[in-house]
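Student: Got a structure for you, questions after.
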Amino acid sequence: MARNLSMKDAINEALDQEMSRDPTVIVMGEDIVGGSGSPGEDDAWGGVLGVTKGLHAKHGDRLMDTPLSESAYIGAAVGASTCGLRPVAELMFLDFMGVCFDQIFNQAAKFRYMFGGKAETPVTIRAMVGAGFRAAAQHSQMLTPLFTHIPGLKVVCPSNAYDAKGLLIQSIRDNDPVIFCEHKALYASETDVPEESYTVPFGEANIVREGSDATIVGYGLMVHRASEAAETLAGEGIQCEIVDLRTLSPIDTDSIVESVENTGRLVCVDEANPRCSIASDVAATVSQEAFSSLKAAPQLVTAPHTPVPFSPALEDLYIPSAEAIADAVRKTMAP
Amino acid sequence: MSEANITPVLMPKWGLSMSEGVLVDWLVDEGAEITVGDEIMEVETDKIASAVEAADAGILRRRVGDAGETYPVRALLGVLAPPDVSDDDIDAYIAAYEVPEDEDDDEAAAAAYEFADTAAGRLRYASRGDDGPALVLIHGFGGDLDNWLFNIDALAERARVYAFDLPGHGQSVKAIEDPSLAGLTGALQAFLDTVEVNSAHLVGHSMGAAVAARLACDAPERVQSLTLIGAAGLGPEINADYIDGFVGAESRRELKPVLFNLFADSELVNRSMVDDLLKYKRIDGVQEALSSLATELFPGGTQSAQLTGDIDASGLNTLVIWGSDDAVIPAAHAQALGNASIEIIDGAGHMVQMEKASAVNALILAHIE
């Protein structure tokens, strides 16, 4: 039975159900239980924003607080995954990935290839992404393109609670390393979520809205901004189709190309910095595979090529807005 | 005084989640004489589009709703009245019309779907109507109780109607203990026991028709009449591409063309229908349930259950309804029974109860009289 659930609760439920279903699923990370040795209830915190709250009471020591050493516990999670466990490691902010690059890029991502397909690395690394939280330059980045660049990694970024639950369950059951990006500004957003366990397959985009004039491709928070823009544009007689990528590796090229073949116009929206972004990747793919369908040059709407500002006024300007997306669509419509 | 002669044409409410609809187009002009069952307008929701058939007869004096606009459920879209009602009275009626307040949303939703803990597991159902005989609607393979979206309220005018999700389907338990016709028939029996219905008129669609017929043959005391729609169990042929495609499809692009098989008008297959079915198919246990049912009931592209002999022998009062353009189970199977009323509805596919709802509803109501 479906009920309304926030993305935060949907992620919690996915972890809970997979831990109940499969005893090899473990969860590790900083403060995900609440700090061992702290007084009071053991899982008083459940992570920095409370996503794992309540799980320790149900699953006990299969959730563990780790030291403040990303390289140590991400390495441990990757190692454990090669030895029969299915660890879900919470890295707090994706921005912290820098200190455990080797464990992810050079180890986890390479094992299947370097051991001739004999090794599997079923590890899921969850981390918060995105700006808008007044958390400054080191806690707000959208670093998804760093990970899509690496063969051997799967990269997921849901835009809503339904997808978050199904994609996280799919990530845990998947036999390859998955980088699971949770937009912190979407934790409270609610959708209908079935009570039962279910999976959302990788590499299948969601058509959030159908339209015949222009295709807007995005993921995460940008899907919501694109929907706002599409609503505004509908009032002007411009019908937009919105493609929510859901997974960035693998990416659903077929759905993107099919949509552009119908609309002839493409706007790529990405909260990441513009150079070598998901947006530029999608624009390049479409230019190559659907050039003859294009009626106008693809437009890119991204964050500027700067760090995320701490000033709230500047941070709000930094994140691509619905108006910027609408303007980009109008530009593709211009004769 | 003339108000008594004025009959409103309203935005219909299809299913529980509908709050508004788009009046796509009028199919009749002002001044037209309308008889009950005439298609008068085309309405579309995010779930489905369908022609609306007149529930009342009269002259369409005024088209109040504009084509292309969105209106709330029960909004006034048109006015029927005899010629002796003056234009002023009609204007006054339109001016005074208010859309009735919707019932409290939570209450409406709570009343909408219920769950029965049966011997076959937890089954979701909807019930409508307070009076009259019990009537149970049984959906087909891969379907759910919302397949009866356009039927349940109309039938509830003269019956206590139950529509439920078979095990493995909709929001019922996903594990099917015995994935066979006997197992599903047991689930129907368990449902009847739990909702305390001793005997009922059974209306089954496709695989659900085989379930209804099986129960009618095994436990005739529980069945007052049988209506079999696009029924399984009346011949060997079945569209194996549809069954395999439905079970195997994992993406929107794979599933959509498969669903075209269900309707004579493939325009009815929209994004929301495809998305809802994909969401269902992704739930743990569904794939196993569908695969095991398909293997048992439709092995190698043929139907394993053949019930014509048993139904004929039972002597039951049986109505067979089929869409002339059924691409899943051939309409020729409608002729298989020796002693049944047969109704072939032109221009409809396998989901004839959705595509030609008014005609199907009228046939069922006449049959259970």
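All residue names refer to the structure tokens as shown: chains lettered A, B, ... in order, residues numbered from 1 in each chain, ligands numbered from 1 in order.
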Taking the chain letters and numbering used in this document, name the residues of region 13-156 of chain B that DSSP puts in strand (DSSP E or B), as JSON, numbers by chain.
Tutor: {"B": [20, 21, 22, 23, 24, 25, 26, 33, 34, 39, 40, 41, 42, 43, 44, 49, 50, 51, 52, 53, 58, 59, 60, 61, 62, 63, 70, 71, 72, 76, 77, 78, 79, 80, 114, 115, 116, 117, 118, 121, 122, 123, 124, 125, 126, 127, 128, 134, 135, 136, 137, 138]}
Student: Define the interface residues of chain A facing chain B as those within 10 Å, counting only C-alpha atoms, and report them as a ChimeraX atom specification.
Tutor: /A:1-2,162,166,193-201,203-210,254-255
Student: Let's have the selection written as a JSON list (two decimals), in the first residue's frame, with C-alpha atoms.
Tutor:
[["chain", "number", "residue", "atom", "x", "y", "z"],
["A", 1, "MET", "CA", 0.00, 0.00, 0.00],
["A", 2, "ALA", "CA", 1.35, 3.40, -0.89],
["A", 162, "TYR", "CA", 9.62, 6.99, -4.72],
["A", 166, "GLY", "CA", 13.65, 1.94, -5.31],
["A", 193, "VAL", "CA", 5.84, 5.42, -1.74],
["A", 194, "PRO", "CA", 4.72, 1.76, -1.62],
["A", 195, "GLU", "CA", 5.21, 0.00, 1.71],
["A", 196, "GLU", "CA", 6.60, -3.06, -0.03],
["A", 197, "SER", "CA", 10.18, -3.34, -1.23],
["A", 198, "TYR", "CA", 10.69, -2.56, -4.90],
["A", 199, "THR", "CA", 13.51, -1.66, -7.22],
["A", 200, "VAL", "CA", 13.89, 1.07, -9.81],
["A", 201, "PRO", "CA", 16.23, -0.18, -12.53],
["A", 203, "GLY", "CA", 19.68, 3.35, -16.78],
["A", 204, "GLU", "CA", 15.99, 4.12, -17.15],
["A", 205, "ALA", "CA", 15.09, 7.80, -17.15],
["A", 206, "ASN", "CA", 11.69, 8.97, -16.03],
["A", 207, "ILE", "CA", 9.57, 11.14, -18.30],
["A", 208, "VAL", "CA", 8.23, 13.53, -15.66],
["A", 209, "ARG", "CA", 6.20, 15.58, -18.09],
["A", 210, "GLU", "CA", 5.36, 15.12, -21.75],
["A", 254, "ASP", "CA", 17.77, 6.20, -25.72],
["A", 255, "SER", "CA", 15.13, 8.15, -23.78]]
Student: Would you mind listing what lies within 10 Å of Glu70 (chain A) as a tab-separated table (two decimals) with C-alpha atoms, in the first residue's frame, with only C-alpha atoms counted and same-chain residues fewer than 4 positions away left out?
Tutor:
chain	number	residue	atom	x	y	z
A	29	GLY	CA	29.53	5.86	8.70
A	30	GLU	CA	30.24	8.85	10.89
A	66	THR	CA	33.21	4.87	12.36
A	74	ILE	CA	35.38	3.60	2.90
A	75	GLY	CA	38.35	1.29	2.38
A	76	ALA	CA	36.90	-1.09	4.96
A	89	ALA	CA	28.73	3.42	3.75
A	90	GLU	CA	27.45	6.90	4.53
A	91	LEU	CA	30.00	9.52	3.60
A	92	MET	CA	28.03	12.46	4.97
A	96	PHE	CA	34.59	14.64	1.53
A	97	MET	CA	35.23	12.06	-1.17
A	98	GLY	CA	38.61	13.65	-1.81
A	99	VAL	CA	40.27	11.90	1.11
A	100	CYS	CA	39.18	8.44	-0.06
A	101	PHE	CA	39.67	8.80	-3.80
A	103	GLN	CA	39.69	3.42	-2.34
Student: So which one's closest to His169 (chain B), B:Leu145, B:Val79, B:Met273, B:Ile368? Using only C-alpha atoms, please.
Tutor: B:Leu145
Student: Where does region 268-291 of chain A meet region 300-304 of chain A within 6 Å, residue by residue, with the nearest atom pair and distance in Å to one decimal for each, counting only C-alpha atoms, listed by chain and rising number, as a Markdown table?
Tutor:
| residue | atom | partner | partner_atom | distance |
| --- | --- | --- | --- | --- |
| A:Cys268 | CA | A:Leu300 | CA | 4.9 |
| A:Val269 | CA | A:Val301 | CA | 4.8 |
| A:Asp270 | CA | A:Thr302 | CA | 4.8 |
| A:Glu271 | CA | A:Ala303 | CA | 5.4 |
| A:Ala272 | CA | A:Ala303 | CA | 5.8 |
| A:Asn273 | CA | A:Ala303 | CA | 5.1 |
| A:Pro274 | CA | A:Thr302 | CA | 5.6 |
Student: Excluding same-chain residues fewer than 2 positions from Asp192 (chain A), what lies within 12 Å of it counting only C-alpha atoms, as a count of residues only?
Tutor: 21
Student: Which one of B:Ala126, B:Ala289, B:Leu228, B:Val43 sits closest to Gly168 (chain B) if you count only C-alpha atoms?
Tutor: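 For Gly168 (chain B), the nearest of the candidates is B:Ala289.
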Student: For Glu231 (chain A), please output as a compact mmCIF listing (two decimals) with C-alpha atoms, in the first residue's frame all residues within 12 Å (counting only C-alpha atoms; exclusion window: fewer than 2 positions along the same chain).
Tutor:
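The file below, out38.txt, is the result:
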# COMPACT_ATOMS: atom_id res chain seq x y z
CA ARG A 209 6.20 15.58 -18.09
CA GLU A 210 5.36 15.12 -21.75
CA GLY A 211 5.63 17.93 -24.26
CA HIS A 224 11.82 20.37 -9.71
CA ARG A 225 13.21 23.62 -11.10
CA ALA A 226 12.57 22.30 -14.62
CA SER A 227 8.97 21.47 -13.68
CA GLU A 228 8.44 25.03 -12.42
CA ALA A 229 9.89 26.38 -15.66
CA LEU A 233 6.25 28.07 -20.29
CA ALA A 234 2.99 26.15 -20.70
CA GLY A 235 1.26 29.47 -20.00
CA GLU A 236 3.15 30.88 -22.98
CA GLY A 237 2.11 27.99 -25.20
CA ILE A 238 5.46 26.17 -25.01
CA GLN A 239 5.12 22.50 -24.07
CA CYS A 240 8.23 21.02 -22.46
CA GLU A 241 9.11 17.39 -22.00
CA ILE A 242 11.15 16.74 -18.84
CA ALA A 322 13.43 28.04 -12.92
CA GLU A 323 13.68 31.41 -14.64
CA ILE A 325 15.74 27.28 -17.39
CA ALA A 326 12.68 29.00 -18.90
Student: Using only C-alpha atoms for the distances, tell me which of A:Asp281, A:Asp16, A:Asp102, A:Asp252 is nearest to Thr148 (chain A).
Tutor: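 Of A:Asp281, A:Asp16, A:Asp102, A:Asp252, the one nearest Thr148 (chain A) is A:Asp281, counting only C-alpha atoms.
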Student: Just the number, please: distance in Å from CA of Asp174 (chain A) to CA of Val123 (chain A), one decimal.
Tutor: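 Computing it gives 8.3 Å between the two atoms.
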Student: As a ChimeraX atom specification, which residues of region 65-304 of chain B does DSSP assign to alpha helix (DSSP H)?
Tutor: /B:87-96,105-112,152-155,181-194,207-218,240-248,252-259,271-281,286-297
Student: Enter the distance from CA of Ala163 (chain B) to CA of Phe298 (chain B), in Å, rounded to one decimal.
Tutor: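 Between these atoms lies a distance of 24.2 Å.
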Student: Compile the contact shell of region 211-222 of chain B as a ChimeraX atom specification: residues with an atom at most 12 Å away, counting only C-alpha atoms, same-chain residues fewer than 4 positions apart removed.
Tutor: /B:134-141,166,180-190,192-193,196-207,226-229,231-234,297,305-320,337
Student: Would you mind exporting the chosen residues as an mmCIF file, in the first residue's frame, restricted to C-alpha atoms?
Tutor:
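Writing the result to again31.cif gives the following:
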data_model
loop_
_atom_site.group_PDB
_atom_site.id
_atom_site.type_symbol
_atom_site.label_atom_id
_atom_site.label_comp_id
_atom_site.auth_asym_id
_atom_site.auth_seq_id
_atom_site.Cartn_x
_atom_site.Cartn_y
_atom_site.Cartn_z
ATOM 1 C CA ALA B 134 -23.881 -9.028 -4.063
ATOM 2 C CA LEU B 135 -21.840 -8.658 -7.245
ATOM 3 C CA VAL B 136 -18.112 -9.403 -7.347
ATOM 4 C CA LEU B 137 -15.747 -8.075 -10.020
ATOM 5 C CA ILE B 138 -12.622 -10.140 -10.765
ATOM 6 C CA HIS B 139 -9.858 -8.581 -12.876
ATOM 7 C CA GLY B 140 -7.504 -10.340 -15.268
ATOM 8 C CA PHE B 141 -3.810 -11.252 -15.471
ATOM 9 C CA LEU B 166 -6.214 -11.126 -6.755
ATOM 10 C CA SER B 180 -2.810 -21.959 -10.561
ATOM 11 C CA LEU B 181 -6.444 -21.515 -11.508
ATOM 12 C CA ALA B 182 -7.387 -23.594 -8.457
ATOM 13 C CA GLY B 183 -5.240 -21.357 -6.253
ATOM 14 C CA LEU B 184 -6.841 -18.153 -7.562
ATOM 15 C CA THR B 185 -10.290 -19.699 -7.240
ATOM 16 C CA GLY B 186 -9.450 -20.523 -3.639
ATOM 17 C CA ALA B 187 -8.509 -16.873 -3.122
ATOM 18 C CA LEU B 188 -11.874 -15.749 -4.520
ATOM 19 C CA GLN B 189 -13.613 -18.151 -2.181
ATOM 20 C CA ALA B 190 -11.509 -16.921 0.758
ATOM 21 C CA LEU B 192 -16.128 -14.141 -0.234
ATOM 22 C CA ASP B 193 -15.802 -15.864 3.149
ATOM 23 C CA GLU B 196 -19.298 -12.651 4.433
ATOM 24 C CA VAL B 197 -20.869 -12.973 1.012
ATOM 25 C CA ASN B 198 -22.547 -16.368 0.730
ATOM 26 C CA SER B 199 -23.471 -16.115 -2.892
ATOM 27 C CA ALA B 200 -22.918 -13.473 -5.527
ATOM 28 C CA HIS B 201 -23.218 -12.546 -9.155
ATOM 29 C CA LEU B 202 -19.703 -13.015 -10.520
ATOM 30 C CA VAL B 203 -18.280 -10.787 -13.231
ATOM 31 C CA GLY B 204 -14.844 -11.811 -14.438
ATOM 32 C CA HIS B 205 -12.529 -10.318 -17.015
ATOM 33 C CA SER B 206 -9.983 -12.400 -18.932
ATOM 34 C CA MET B 207 -8.139 -14.638 -16.418
ATOM 35 C CA LEU B 226 -21.884 -15.558 -14.375
ATOM 36 C CA THR B 227 -20.671 -12.758 -16.647
ATOM 37 C CA LEU B 228 -17.537 -13.611 -18.615
ATOM 38 C CA ILE B 229 -15.779 -10.705 -20.338
ATOM 39 C CA ALA B 231 -12.720 -14.593 -20.992
ATOM 40 C CA ALA B 232 -9.901 -17.051 -20.530
ATOM 41 C CA GLY B 233 -10.846 -20.712 -20.381
ATOM 42 C CA LEU B 234 -13.074 -20.872 -23.451
ATOM 43 C CA LEU B 297 -2.051 -20.918 -17.119
ATOM 44 C CA ALA B 305 -7.582 -24.297 -18.486
ATOM 45 C CA GLN B 306 -10.521 -25.343 -20.660
ATOM 46 C CA LEU B 307 -13.837 -24.791 -18.901
ATOM 47 C CA THR B 308 -16.483 -24.882 -21.626
ATOM 48 C CA GLY B 309 -17.612 -28.432 -20.844
ATOM 49 C CA ASP B 310 -17.939 -27.735 -17.129
ATOM 50 C CA ILE B 311 -19.781 -24.441 -17.660
ATOM 51 C CA ASP B 312 -22.205 -26.050 -20.110
ATOM 52 C CA ALA B 313 -22.807 -28.919 -17.698
ATOM 53 C CA SER B 314 -23.458 -26.535 -14.800
ATOM 54 C CA GLY B 315 -26.474 -25.058 -16.583
ATOM 55 C CA LEU B 316 -25.592 -21.653 -15.126
ATOM 56 C CA ASN B 317 -27.150 -18.460 -16.338
ATOM 57 C CA THR B 318 -24.169 -17.093 -18.280
ATOM 58 C CA LEU B 319 -23.549 -13.877 -20.175
ATOM 59 C CA VAL B 320 -20.495 -13.616 -22.440
ATOM 60 C CA LEU B 337 -20.465 -22.067 -24.824
#
Student: Between CA of Pro177 (chain A) and CA of Asp95 (chain A), what is the distance, to one decimal in Å?
Tutor: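 So the two atoms, CA of Pro177 (chain A) and CA of Asp95 (chain A), lie 18.0 Å apart.
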Student: With only C-alpha atoms as the counted atoms, please give the residues lying no more than 10 Å from region 28-36 of chain B, apart from itself and same-chain residues fewer than 6 positions off, as a PyMOL selection string.
Tutor: chain B and resi 53-63+78-83+358
